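J.: What follows is the file structure-v7.cif, containing mmCIF, C-alpha atoms:
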```cif
data_query
loop_
_atom_site.label_atom_id
_atom_site.label_comp_id
_atom_site.auth_asym_id
_atom_site.auth_seq_id
_atom_site.Cartn_x
_atom_site.Cartn_y
_atom_site.Cartn_z
CA MET A 1 29.09 15.25 -28.13
CA SER A 2 25.91 15.90 -30.12
CA VAL A 3 23.09 13.39 -30.05
CA ALA A 4 23.70 12.49 -33.72
CA SER A 5 27.32 11.43 -33.22
CA ILE A 6 26.87 9.08 -30.28
CA PRO A 7 27.52 5.45 -31.38
CA PRO A 8 24.83 2.87 -30.62
CA SER A 9 25.18 0.87 -27.42
CA ILE A 10 24.26 -2.76 -27.82
CA LEU A 11 23.70 -5.68 -25.49
CA LEU A 12 24.17 -8.99 -27.26
CA ALA A 13 22.79 -12.11 -25.59
CA ASP A 14 23.90 -15.16 -27.53
CA GLY A 15 24.52 -18.73 -26.40
CA ASP A 16 26.74 -19.62 -29.36
CA ALA A 17 30.48 -18.81 -28.97
CA GLN A 18 31.23 -18.59 -32.70
CA SER A 19 28.27 -16.32 -33.29
CA ARG A 20 29.34 -14.06 -30.41
CA THR A 21 32.75 -13.64 -32.03
CA MET A 22 31.22 -12.76 -35.39
CA PHE A 23 28.91 -10.18 -33.87
CA GLY A 24 31.77 -8.78 -31.75
CA ASP A 25 34.07 -8.39 -34.76
CA PHE A 26 31.33 -6.61 -36.67
CA PHE A 27 30.53 -4.23 -33.79
CA GLU A 28 34.26 -3.46 -33.37
CA ARG A 29 34.62 -2.60 -37.06
CA ARG A 30 31.65 -0.26 -36.87
CA GLY A 31 32.88 1.41 -33.68
CA TRP A 32 29.73 0.51 -31.78
CA VAL A 33 29.73 0.19 -28.01
CA TYR A 34 28.69 -3.30 -26.96
CA GLU A 35 28.52 -5.84 -24.21
CA VAL A 36 28.17 -9.56 -24.69
CA VAL A 37 26.53 -12.07 -22.38
CA ALA A 38 26.38 -15.82 -22.90
CA GLU A 39 24.22 -16.85 -19.95
CA LEU A 40 20.75 -16.00 -18.83
CA GLU A 41 21.81 -14.82 -15.38
CA LEU A 42 24.35 -12.39 -16.85
CA LEU A 43 21.70 -11.11 -19.23
CA ASN A 44 19.35 -10.34 -16.34
CA ASN A 45 22.17 -8.58 -14.45
CA ALA A 46 23.13 -6.50 -17.48
CA LEU A 47 19.51 -5.41 -18.06
CA GLU A 48 19.10 -4.60 -14.39
CA ASN A 49 22.22 -2.48 -14.15
CA SER A 50 22.62 -0.73 -17.52
CA CYS A 51 20.69 0.85 -20.37
CA TYR A 52 21.33 0.00 -24.02
CA ASP A 53 20.01 1.48 -27.24
CA ILE A 54 19.47 -2.00 -28.63
CA VAL A 55 19.20 -5.49 -27.15
CA ILE A 56 20.00 -8.31 -29.58
CA ALA A 57 18.77 -11.60 -28.17
CA ASP A 58 19.30 -15.11 -29.48
CA VAL A 59 15.88 -16.67 -28.79
CA ALA A 60 17.46 -20.15 -28.59
CA MET A 61 19.72 -19.19 -25.68
CA PRO A 62 19.47 -21.99 -23.05
CA GLY A 63 16.85 -21.28 -20.40
CA LEU A 64 15.60 -18.11 -22.09
CA ASP A 65 11.86 -17.43 -22.28
CA SER A 66 12.28 -14.88 -25.03
CA LEU A 67 8.70 -13.61 -25.15
CA GLY A 68 8.61 -13.26 -21.36
CA LEU A 69 11.93 -11.41 -21.52
CA PHE A 70 10.69 -8.99 -24.18
CA LYS A 71 7.61 -8.22 -22.13
CA GLU A 72 9.65 -7.70 -18.96
CA ILE A 73 12.10 -5.36 -20.70
CA LEU A 74 9.31 -3.32 -22.30
CA GLN A 75 7.45 -2.95 -19.03
CA LYS A 76 10.52 -1.26 -17.56
CA ARG A 77 11.55 0.60 -20.74
CA PRO A 78 8.65 0.92 -23.18
CA THR A 79 10.83 2.30 -25.99
CA GLN A 80 13.61 -0.30 -25.76
CA ALA A 81 14.61 -1.63 -29.20
CA ILE A 82 14.90 -5.43 -29.27
CA ILE A 83 16.21 -7.48 -32.18
CA ALA A 84 15.41 -11.18 -31.96
CA VAL A 85 17.85 -13.64 -33.54
CA SER A 86 16.36 -16.96 -34.60
CA GLU A 87 17.74 -19.99 -36.43
CA GLN A 88 14.65 -20.41 -38.56
CA ALA A 89 11.49 -18.65 -37.44
CA SER A 90 8.16 -19.73 -38.88
CA TYR A 91 5.67 -17.06 -39.90
CA ASP A 92 3.68 -17.59 -36.69
CA GLU A 93 6.79 -17.42 -34.50
CA ALA A 94 7.93 -14.25 -36.21
CA LEU A 95 4.49 -12.72 -35.75
CA ASN A 96 4.61 -13.66 -32.08
CA TYR A 97 8.00 -11.95 -31.61
CA PHE A 98 6.70 -8.76 -33.20
CA ARG A 99 3.47 -8.85 -31.22
CA ASN A 100 5.49 -9.18 -28.05
CA GLY A 101 7.62 -6.16 -28.79
CA ALA A 102 10.51 -7.21 -31.04
CA THR A 103 11.63 -4.35 -33.26
CA ASP A 104 13.14 -6.66 -35.86
CA LEU A 105 14.00 -10.29 -36.45
CA LEU A 106 17.34 -11.60 -37.75
CA ALA A 107 17.62 -15.08 -39.21
CA ARG A 108 20.84 -17.09 -39.14
CA PRO A 109 23.21 -16.90 -40.91
CA ILE A 110 23.27 -13.24 -39.99
CA ASP A 111 23.01 -10.75 -42.83
CA PHE A 112 25.32 -8.11 -41.31
CA PRO A 113 24.64 -5.34 -43.88
CA TRP A 114 20.95 -5.76 -43.06
CA LEU A 115 21.74 -5.59 -39.34
CA GLU A 116 23.63 -2.35 -39.91
CA ARG A 117 20.62 -0.89 -41.73
CA VAL A 118 18.26 -1.91 -38.92
CA VAL A 119 20.57 -0.43 -36.27
CA GLN A 120 20.84 2.83 -38.22
CA GLN A 121 17.05 3.05 -38.49
CA ILE A 122 16.63 2.43 -34.78
CA MET A 123 19.26 5.04 -33.92
CA CYS A 124 17.64 7.54 -36.27
CA ALA A 125 14.29 7.04 -34.47
CA HIS A 126 16.03 7.32 -31.07
CA ARG A 127 17.63 10.61 -32.09
CA GLN A 128 14.27 11.93 -33.26
CA ASP A 129 12.69 10.92 -29.92
CA GLU A 130 15.55 12.59 -28.07
CA ARG A 131 15.04 15.82 -29.99
CA GLU A 132 11.29 15.70 -29.25
CA ARG A 133 12.03 15.13 -25.58
CA LEU A 134 14.28 18.18 -25.56
CA VAL A 135 11.56 20.25 -27.23
CA CYS A 136 8.89 18.99 -24.83
CA LYS A 137 10.91 20.25 -21.86
CA PHE A 138 10.44 23.80 -23.08
CA VAL A 139 6.79 23.62 -24.13
CA THR A 140 4.59 26.06 -22.21
CA HIS A 141 1.46 25.58 -24.26
CA GLU A 142 0.32 22.98 -26.75
CA ARG A 143 -3.08 22.28 -28.25
CA THR A 144 -4.01 19.52 -30.67
CA GLU A 145 -7.44 18.82 -32.09
CA MET A 146 -8.33 15.61 -33.89
CA VAL A 147 -11.62 14.89 -35.65
CA PHE A 148 -12.65 11.28 -36.26
CA SER A 149 -15.69 9.65 -37.81
CA CYS A 150 -17.07 6.61 -35.98
CA ARG A 151 -15.52 4.39 -38.66
CA ASP A 152 -12.11 6.03 -38.12
CA ILE A 153 -12.27 5.32 -34.40
CA VAL A 154 -13.13 1.67 -34.95
CA GLU A 155 -10.36 1.26 -37.52
CA LEU A 156 -7.78 2.95 -35.30
CA ASP A 157 -8.83 0.95 -32.21
CA THR A 158 -7.28 3.64 -29.99
CA VAL A 159 -6.89 7.39 -30.26
CA PRO A 160 -3.22 8.31 -30.64
CA LEU A 161 -1.91 10.38 -27.70
CA PRO A 162 1.67 11.36 -28.57
CA ILE A 163 1.66 14.09 -25.91
CA VAL A 164 1.24 11.43 -23.21
CA SER A 165 4.31 9.55 -24.47
CA ARG A 166 6.32 12.77 -24.54
CA LEU A 167 5.24 13.76 -21.03
CA GLN A 168 6.17 10.28 -19.85
CA ALA A 169 9.56 10.58 -21.54
CA ILE A 170 10.41 13.81 -19.69
CA GLY A 171 9.13 12.48 -16.37
CA ALA A 172 6.04 14.73 -16.22
CA LEU A 173 3.86 11.60 -16.06
CA ASP A 174 5.00 8.33 -14.57
CA GLN A 175 4.20 5.04 -16.28
CA SER A 176 1.14 4.32 -14.17
CA ALA A 177 -0.30 7.84 -14.63
CA ALA A 178 0.28 7.66 -18.39
CA LEU A 179 -1.48 4.30 -18.54
CA LYS A 180 -4.41 5.70 -16.58
CA VAL A 181 -4.73 8.77 -18.82
CA ARG A 182 -4.81 6.50 -21.86
CA LEU A 183 -7.48 4.34 -20.21
CA ALA A 184 -9.62 7.38 -19.26
CA VAL A 185 -9.44 8.73 -22.82
CA GLN A 186 -10.28 5.31 -24.21
CA GLU A 187 -13.33 5.08 -21.94
CA ALA A 188 -14.51 8.58 -22.88
CA VAL A 189 -14.04 7.87 -26.58
CA LEU A 190 -15.89 4.57 -26.27
CA ASN A 191 -18.75 6.34 -24.48
CA GLY A 192 -18.87 9.04 -27.13
CA LEU A 193 -18.78 6.50 -29.91
CA GLU A 194 -21.21 3.91 -28.61
CA HIS A 195 -23.67 5.80 -26.43
CA GLY A 196 -23.29 9.21 -28.09
CA ASN A 197 -22.90 8.81 -31.83
CA LEU A 198 -24.17 5.25 -32.32
CA GLU A 199 -26.97 5.69 -29.72
CA LEU A 200 -26.52 2.17 -28.33
CA GLU A 201 -28.31 1.15 -25.13
CA SER A 202 -26.17 -0.43 -22.40
CA SER A 203 -29.00 -2.80 -21.48
CA TRP A 204 -28.57 -4.51 -24.87
CA LYS A 205 -25.33 -6.04 -23.58
CA GLU A 206 -27.47 -8.22 -21.30
CA GLU A 207 -29.45 -9.65 -24.21
CA LEU A 208 -27.36 -12.67 -25.12
CA GLU A 209 -27.69 -14.38 -28.47
CA ASP A 210 -27.26 -18.09 -29.27
CA ASP A 211 -23.65 -17.76 -30.48
CA GLY A 212 -22.53 -16.12 -27.23
CA GLY A 213 -22.75 -12.66 -28.76
CA ASP A 214 -25.17 -9.98 -27.64
CA ARG A 215 -27.66 -7.53 -29.11
CA PHE A 216 -25.39 -4.56 -28.32
CA SER A 217 -22.59 -5.90 -30.55
CA THR A 218 -25.01 -6.80 -33.34
CA VAL A 219 -26.61 -3.34 -33.44
CA ARG A 220 -23.16 -1.75 -33.12
CA ARG A 221 -22.06 -3.53 -36.29
CA GLU A 222 -25.26 -2.55 -38.11
CA ARG A 223 -24.93 1.12 -37.19
CA LEU A 224 -21.28 1.22 -38.19
CA SER A 225 -22.46 0.20 -41.67
CA ASP A 226 -25.15 2.90 -41.71
CA PRO A 227 -23.67 6.25 -42.86
CA SER A 228 -26.25 8.23 -40.86
CA TYR A 229 -24.53 6.91 -37.70
CA ALA A 230 -21.07 5.95 -38.92
CA GLU A 231 -20.23 9.38 -40.31
CA ARG A 232 -21.00 11.23 -37.10
CA LEU A 233 -17.92 12.90 -35.71
CA LEU A 234 -15.96 12.71 -32.50
CA VAL A 235 -13.65 15.61 -31.66
CA VAL A 236 -10.70 15.01 -29.35
CA ALA A 237 -8.95 18.17 -28.17
CA ILE A 238 -5.79 17.90 -26.11
CA GLN A 239 -4.41 20.88 -24.26
CA TYR A 240 -1.24 21.07 -22.17
CA ASP A 241 -0.13 24.28 -20.50
CA GLY A 242 3.15 23.09 -19.06
CA VAL A 243 1.42 21.94 -15.86
CA MET A 244 -2.06 20.57 -16.53
CA LEU A 245 -3.12 18.12 -19.22
CA GLU A 246 -6.73 18.54 -20.33
CA ILE A 247 -8.41 16.27 -22.85
CA SER A 248 -11.89 16.97 -24.17
CA ILE A 249 -13.93 14.37 -26.07
CA LYS A 250 -17.05 15.64 -27.83
CA ASP A 251 -19.56 13.57 -29.79
CA GLN A 252 -22.55 14.48 -31.97
CA GLY A 253 -25.14 12.48 -30.05
CA GLN A 254 -27.71 13.46 -27.47
CA GLY A 255 -25.47 12.65 -24.50
CA PHE A 256 -25.29 9.43 -22.56
CA LEU A 257 -25.86 10.74 -19.04
CA ASN A 258 -28.98 9.87 -17.22
CA LEU A 259 -29.35 12.66 -14.67
CA SER A 260 -30.47 10.22 -12.01
CA THR A 261 -27.07 8.51 -11.99
CA ASP A 262 -23.95 9.80 -10.34
CA PRO A 263 -21.05 9.24 -12.75
CA HIS A 264 -18.52 9.47 -9.93
CA GLN A 265 -20.05 6.68 -7.96
CA VAL A 266 -18.13 3.42 -8.07
CA ILE A 267 -20.65 0.75 -8.89
CA ALA A 268 -21.29 -2.28 -6.76
CA ALA A 269 -20.05 -5.72 -7.67
CA ASP A 270 -23.10 -6.78 -9.62
CA VAL A 271 -22.83 -8.69 -12.84
CA ALA A 272 -24.16 -6.18 -15.34
CA CYS A 273 -21.99 -6.20 -18.44
CA SER A 274 -22.01 -2.42 -18.64
CA GLY A 275 -21.83 0.74 -16.53
CA ARG A 276 -18.20 0.69 -15.48
CA GLY A 277 -16.72 3.17 -17.93
CA LEU A 278 -17.52 6.25 -15.90
CA ALA A 279 -16.12 4.75 -12.72
CA LEU A 280 -12.91 3.80 -14.50
CA MET A 281 -12.63 7.25 -16.07
CA SER A 282 -13.13 9.02 -12.74
CA SER A 283 -10.58 6.88 -10.97
CA ALA A 284 -7.93 7.30 -13.66
CA VAL A 285 -7.58 11.10 -13.77
CA ASP A 286 -7.85 13.97 -11.27
CA GLU A 287 -11.07 15.51 -12.52
CA VAL A 288 -13.86 14.59 -14.95
CA PHE A 289 -16.42 17.14 -16.15
CA PHE A 290 -19.51 16.40 -18.20
CA TYR A 291 -21.21 18.95 -20.45
CA ASN A 292 -24.31 18.85 -22.65
CA ASN A 293 -25.71 15.81 -20.91
CA GLY A 294 -22.48 13.94 -21.42
CA SER A 295 -21.90 14.60 -25.11
CA GLU A 296 -18.72 16.37 -24.05
CA VAL A 297 -16.37 14.95 -21.43
CA ARG A 298 -13.33 16.81 -20.15
CA LEU A 299 -10.58 14.95 -18.35
CA ARG A 300 -7.95 16.81 -16.35
CA LYS A 301 -4.70 15.40 -15.04
CA ALA A 302 -2.05 17.39 -13.20
CA THR A 303 1.42 16.45 -14.39
CA ASN A 304 4.42 16.09 -12.10
CA ASN A 305 5.37 19.61 -13.22
CA ALA A 306 2.39 20.87 -11.17
CA ARG A 307 3.81 19.27 -8.06
CA ARG A 308 7.21 20.82 -8.72
CA ALA A 309 5.73 24.29 -9.38
CA MET B 1 -5.94 -12.47 -32.94
CA ASP B 2 -6.31 -15.78 -31.08
CA PHE B 3 -5.92 -16.41 -27.36
CA PRO B 4 -4.40 -19.84 -26.62
CA THR B 5 -6.56 -22.29 -24.72
CA GLU B 6 -5.71 -25.42 -22.80
CA ILE B 7 -7.70 -28.12 -21.07
CA VAL B 8 -6.22 -29.53 -17.88
CA GLY B 9 -8.44 -32.09 -16.14
CA ASP B 10 -11.88 -30.60 -15.67
CA LYS B 11 -10.73 -27.01 -16.21
CA GLY B 12 -10.24 -24.92 -19.30
CA TYR B 13 -7.61 -22.20 -19.42
CA ILE B 14 -7.52 -19.07 -21.60
CA ARG B 15 -4.29 -17.11 -21.80
CA ILE B 16 -4.97 -13.48 -22.64
CA THR B 17 -1.91 -12.39 -24.61
CA SER B 18 -2.80 -8.75 -25.30
CA ASP B 19 -4.54 -5.83 -23.64
CA LEU B 20 -8.26 -6.49 -23.25
CA ASP B 21 -9.49 -3.16 -24.50
CA THR B 22 -10.57 -3.51 -28.11
CA GLU B 23 -13.30 -5.22 -30.09
CA VAL B 24 -10.68 -7.50 -31.65
CA ALA B 25 -9.44 -8.65 -28.25
CA GLY B 26 -13.03 -9.01 -26.98
CA GLU B 27 -13.92 -11.21 -29.95
CA ALA B 28 -10.77 -13.29 -29.40
CA LEU B 29 -11.86 -13.87 -25.79
CA ARG B 30 -15.36 -14.87 -26.91
CA ALA B 31 -13.95 -17.32 -29.48
CA ALA B 32 -11.55 -18.88 -26.96
CA PHE B 33 -14.32 -19.12 -24.38
CA ASN B 34 -16.71 -20.75 -26.88
CA ASP B 35 -14.01 -23.25 -27.81
CA ILE B 36 -13.69 -24.48 -24.21
CA TYR B 37 -17.38 -24.12 -23.39
CA GLU B 38 -18.36 -26.28 -26.35
CA GLN B 39 -16.04 -29.01 -25.03
CA GLY B 40 -18.29 -29.15 -21.99
CA LYS B 41 -15.97 -27.48 -19.49
CA ARG B 42 -17.78 -25.38 -16.92
CA THR B 43 -14.79 -24.20 -14.89
CA ILE B 44 -12.77 -21.77 -16.91
CA VAL B 45 -9.69 -19.89 -15.75
CA LEU B 46 -8.51 -16.62 -17.33
CA ASP B 47 -4.81 -15.87 -17.22
CA LEU B 48 -4.66 -12.08 -17.60
CA SER B 49 -0.92 -11.76 -16.98
CA GLY B 50 -0.40 -10.84 -20.65
CA ALA B 51 -2.68 -7.79 -20.36
CA GLN B 52 -1.40 -4.47 -19.13
CA ILE B 53 -4.78 -2.80 -19.39
CA ILE B 54 -8.44 -3.85 -19.30
CA ASN B 55 -11.17 -1.34 -20.04
CA SER B 56 -14.93 -1.40 -19.57
CA TYR B 57 -15.36 -3.13 -22.91
CA GLY B 58 -13.02 -5.96 -21.88
CA ILE B 59 -14.69 -6.20 -18.47
CA GLY B 60 -18.08 -6.48 -20.18
CA LYS B 61 -16.78 -9.42 -22.21
CA VAL B 62 -15.33 -11.11 -19.10
CA LEU B 63 -18.67 -10.72 -17.32
CA MET B 64 -20.50 -12.15 -20.27
CA CYS B 65 -18.36 -15.29 -19.88
CA TYR B 66 -19.10 -15.26 -16.15
CA LYS B 67 -22.85 -15.13 -16.74
CA ARG B 68 -22.85 -17.93 -19.29
CA LEU B 69 -21.01 -20.19 -16.85
CA LYS B 70 -23.09 -19.16 -13.87
CA ALA B 71 -26.28 -20.01 -15.76
CA GLU B 72 -25.04 -23.62 -15.79
CA ASN B 73 -23.59 -23.63 -12.26
CA GLY B 74 -20.12 -23.16 -13.68
CA VAL B 75 -17.30 -20.96 -12.39
CA LEU B 76 -15.12 -18.33 -14.02
CA MET B 77 -11.80 -17.91 -12.22
CA VAL B 78 -8.70 -15.80 -12.73
CA LYS B 79 -5.03 -16.53 -12.26
CA PRO B 80 -3.45 -14.22 -9.64
CA LEU B 81 -3.65 -10.68 -10.98
CA ASN B 82 -1.08 -7.94 -10.87
CA GLY B 83 -0.42 -4.35 -11.87
CA PHE B 84 -3.07 -2.10 -13.31
CA VAL B 85 -5.40 -5.00 -14.16
CA LYS B 86 -5.45 -5.96 -10.47
CA GLU B 87 -6.15 -2.32 -9.53
CA THR B 88 -9.04 -2.20 -12.00
CA PHE B 89 -10.55 -5.44 -10.68
CA GLU B 90 -10.32 -4.16 -7.11
CA LEU B 91 -11.79 -0.77 -8.00
CA LEU B 92 -14.79 -2.42 -9.63
CA MET B 93 -14.94 -5.13 -6.95
CA LEU B 94 -14.63 -7.86 -9.55
CA ASP B 95 -12.07 -9.54 -7.32
CA LYS B 96 -15.03 -10.45 -5.07
CA LEU B 97 -16.87 -11.97 -8.00
CA LEU B 98 -14.18 -13.98 -9.75
CA PRO B 99 -12.19 -16.26 -7.45
CA GLU B 100 -8.44 -16.57 -7.90
CA GLU B 101 -6.96 -19.89 -8.82
CA LYS B 102 -4.05 -20.25 -6.41
#
```
Show me, as structure tokens, the structure contained in the file I just sent.
T.:
Amino acid sequence: MSVASIPPSILLADGDAQSRTMFGDFFERRGWVYEVVAELELLNNALENSCYDIVIADVAMPGLDSLGLFKEILQKRPTQAIIAVSEQASYDEALNYFRNGATDLLARPIDFPWLERVVQQIMCAHRQDERERLVCKFVTHERTEMVFSCRDIVELDTVPLPIVSRLQAIGALDQSAALKVRLAVQEAVLNGLEHGNLELESSWKEELEDDGGDRFSTVRRERLSDPSYAERLLVVAIQYDGVMLEISIKDQGQGFLNLSTDPHQVIAADVACSGRGLALMSSAVDEVFFYNNGSEVRLRKATNNARRA
Amino acid sequence: MDFPTEIVGDKGYIRITSDLDTEVAGEALRAAFNDIYEQGKRTIVLDLSGAQIINSYGIGKVLMCYKRLKAENGVLMVKPLNGFVKETFELLMLDKLLPEEK
């Protein structure tokens, strides 16, 4: 059976008997594969023992901490689609469901044509992911280069790393390794942005202002409004050769490294508000190299493919 | 983004509900901290169970809270940590600095 023709598999958790019947009838008519649970314990068992394309959860189910459940599910399966069903969600509640990982929110009475559309969209995205996973298995070399201004970086909050998600999906990086690679990149980007391009001094973090802020944050804001700093570029180059993942982060500053410090040294438990980025970076990947006084950082992480080779 | 706060007895609690790795999250922590601090509480407990990741930026913000409390003989505590956040605290020896609330 091709990926495109597989029907969606759904786990429905609903405390209301009448609602369960309505959902069940609808799933039957569509030819979808589904399982229904009416109690919290059965829901936990089902999630423990099986995988589903979509989990549809009635947030009012007795005893259910829906936000805790979403978080738990997504920790185990980060791409799990979850549709929350709520009697009447306020704007804040809805926002909270989305922030905690819900893919969509259904209000009662259920709009079944809408549900069908949502399920089709989810399945379409799943099929696309599956195709990408298949492609990733056969990749022997991939290189991506991204160029950001300082403003872009601040707006994005994090640099997108789709290769890390794909390597995680094919088992070349486990969840913890993927998390650590993301952290290391984030630290290197932050260093390049703040100490490289914006030329901010770490010691300014210690200079507290009356409102609980600090000089570092104030100057950071000022420089992000000054085009002579804000338009400086940061280049992120990602290279994967089927075994090793190498990520280079290059800024246009003078370099943040003071030659008298050892970037691989884990700092002592003092209370300085800065100086931990390099330690975190070094602990998160296999190797860290610094060039041009730190204006280029290269991170290297062997994937599980290296261990198999 | 807002982090919920709660006062229980002489302690203030801040529940971190997202990763602590962005300016937005750092500012949310500062606002939540200020809210409790201005109510006169000098023992503040961070519940980091909602964070999967904390980076150097987030740690800097946590330590800023620590220093403000310490300057007034206050204490910054954490709820029991787990996962990668726990690993990060141990790596940077912050677990020695910020006592756990059992």
J.: Between A:Thr218, A:Ser228, A:Gln252, A:Gln186, which one has atoms that come closest to chain B, using only C-alpha atoms?
T.: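 Answer, going by the shortest atom-to-atom distance: A:Gln186.
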J.: Scan for residues within 10 Å of the point (-11.9, 9.5, -37.4) in the coordinates of the file, using all atoms listed in the file, and reply as a list in words.
T.: Met146, Val147, Phe148, Ser149, Cys150, Arg151, Asp152, Ile153, Val154, Glu155, Leu156, Val159, Ala230, Glu231, Arg232, Leu233, Leu234, Val235 and Val236 of chain A
J.: Using the selection just defined, write its residues with C-alpha atoms as an mmCIF file, in the frame of the given file.
T.:
```cif
data_model
loop_
_atom_site.group_PDB
_atom_site.id
_atom_site.type_symbol
_atom_site.label_atom_id
_atom_site.label_comp_id
_atom_site.auth_asym_id
_atom_site.auth_seq_id
_atom_site.Cartn_x
_atom_site.Cartn_y
_atom_site.Cartn_z
ATOM 1 C CA MET A 146 -8.330 15.610 -33.890
ATOM 2 C CA VAL A 147 -11.620 14.890 -35.650
ATOM 3 C CA PHE A 148 -12.650 11.280 -36.260
ATOM 4 C CA SER A 149 -15.690 9.650 -37.810
ATOM 5 C CA CYS A 150 -17.070 6.610 -35.980
ATOM 6 C CA ARG A 151 -15.520 4.390 -38.660
ATOM 7 C CA ASP A 152 -12.110 6.030 -38.120
ATOM 8 C CA ILE A 153 -12.270 5.320 -34.400
ATOM 9 C CA VAL A 154 -13.130 1.670 -34.950
ATOM 10 C CA GLU A 155 -10.360 1.260 -37.520
ATOM 11 C CA LEU A 156 -7.780 2.950 -35.300
ATOM 12 C CA VAL A 159 -6.890 7.390 -30.260
ATOM 13 C CA ALA A 230 -21.070 5.950 -38.920
ATOM 14 C CA GLU A 231 -20.230 9.380 -40.310
ATOM 15 C CA ARG A 232 -21.000 11.230 -37.100
ATOM 16 C CA LEU A 233 -17.920 12.900 -35.710
ATOM 17 C CA LEU A 234 -15.960 12.710 -32.500
ATOM 18 C CA VAL A 235 -13.650 15.610 -31.660
ATOM 19 C CA VAL A 236 -10.700 15.010 -29.350
#
```
J.: Atom CA of Glu35 of chain A to atom CA of Ile56 of chain A: how many Å, to one decimal?
T.: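 Between atom CA of Glu35 of chain A and atom CA of Ile56 of chain A the gap works out to 10.4 Å.
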J.: Identify all chain B residues at most 9 Å from chain A by counting only C-alpha atoms; ligands do not count. Present them as number ranges by chain.
T.: B: 17-18, 21-24, 30-31, 34, 50, 52-57, 59-68, 84, 88, 91-97
J.: Would you output that residue set with C-alpha atoms, as a CSV table (one decimal), keeping the file's coordinate frame?
T.:
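Wrote part13.csv, looks like this:
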```csv
chain,number,residue,atom,x,y,z
B,17,THR,CA,-1.9,-12.4,-24.6
B,18,SER,CA,-2.8,-8.8,-25.3
B,21,ASP,CA,-9.5,-3.2,-24.5
B,22,THR,CA,-10.6,-3.5,-28.1
B,23,GLU,CA,-13.3,-5.2,-30.1
B,24,VAL,CA,-10.7,-7.5,-31.6
B,30,ARG,CA,-15.4,-14.9,-26.9
B,31,ALA,CA,-14.0,-17.3,-29.5
B,34,ASN,CA,-16.7,-20.8,-26.9
B,50,GLY,CA,-0.4,-10.8,-20.6
B,52,GLN,CA,-1.4,-4.5,-19.1
B,53,ILE,CA,-4.8,-2.8,-19.4
B,54,ILE,CA,-8.4,-3.8,-19.3
B,55,ASN,CA,-11.2,-1.3,-20.0
B,56,SER,CA,-14.9,-1.4,-19.6
B,57,TYR,CA,-15.4,-3.1,-22.9
B,59,ILE,CA,-14.7,-6.2,-18.5
B,60,GLY,CA,-18.1,-6.5,-20.2
B,61,LYS,CA,-16.8,-9.4,-22.2
B,62,VAL,CA,-15.3,-11.1,-19.1
B,63,LEU,CA,-18.7,-10.7,-17.3
B,64,MET,CA,-20.5,-12.2,-20.3
B,65,CYS,CA,-18.4,-15.3,-19.9
B,66,TYR,CA,-19.1,-15.3,-16.2
B,67,LYS,CA,-22.8,-15.1,-16.7
B,68,ARG,CA,-22.8,-17.9,-19.3
B,84,PHE,CA,-3.1,-2.1,-13.3
B,88,THR,CA,-9.0,-2.2,-12.0
B,91,LEU,CA,-11.8,-0.8,-8.0
B,92,LEU,CA,-14.8,-2.4,-9.6
B,93,MET,CA,-14.9,-5.1,-7.0
B,94,LEU,CA,-14.6,-7.9,-9.6
B,95,ASP,CA,-12.1,-9.5,-7.3
B,96,LYS,CA,-15.0,-10.4,-5.1
B,97,LEU,CA,-16.9,-12.0,-8.0
```
J.: Record the distance separating atom CA of Tyr34 of chain A and atom CA of Gly101 of chain A, expressed in Å with one decimal.
T.: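 Atom-to-atom, atom CA of Tyr34 of chain A and atom CA of Gly101 of chain A are spaced 21.3 Å apart.
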J.: Would you kindly return, as a short mmCIF file (atom, residue, chain, number, x, y, z; two decimals) with C-alpha atoms, keeping the file's coordinate frame, each protein, DNA or RNA residue with an atom no farther than 9 Å from any atom of segment 60-67 of chain A, considering only C-alpha atoms and excluding same-chain residues fewer than 4 positions away?
T.:
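Wrote part_2.cif, looks like this:
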```cif
data_model
loop_
_atom_site.label_atom_id
_atom_site.label_comp_id
_atom_site.auth_asym_id
_atom_site.auth_seq_id
_atom_site.Cartn_x
_atom_site.Cartn_y
_atom_site.Cartn_z
CA ALA A 13 22.79 -12.11 -25.59
CA ASP A 14 23.90 -15.16 -27.53
CA GLY A 15 24.52 -18.73 -26.40
CA ASP A 16 26.74 -19.62 -29.36
CA ALA A 38 26.38 -15.82 -22.90
CA GLU A 39 24.22 -16.85 -19.95
CA LEU A 40 20.75 -16.00 -18.83
CA LYS A 71 7.61 -8.22 -22.13
CA GLU A 72 9.65 -7.70 -18.96
CA ALA A 84 15.41 -11.18 -31.96
CA VAL A 85 17.85 -13.64 -33.54
CA SER A 86 16.36 -16.96 -34.60
CA GLU A 87 17.74 -19.99 -36.43
CA ASN A 96 4.61 -13.66 -32.08
CA TYR A 97 8.00 -11.95 -31.61
CA ASN A 100 5.49 -9.18 -28.05
CA GLY A 101 7.62 -6.16 -28.79
CA ALA A 102 10.51 -7.21 -31.04
#
```
J.: Take the PyMOL selection byres ((chain B and resi 5) around 7), run it mentally on this structure, and tell me the resulting residues as a ChimeraX atom specification.
T.: /B:3-4,6-7,13-15,32
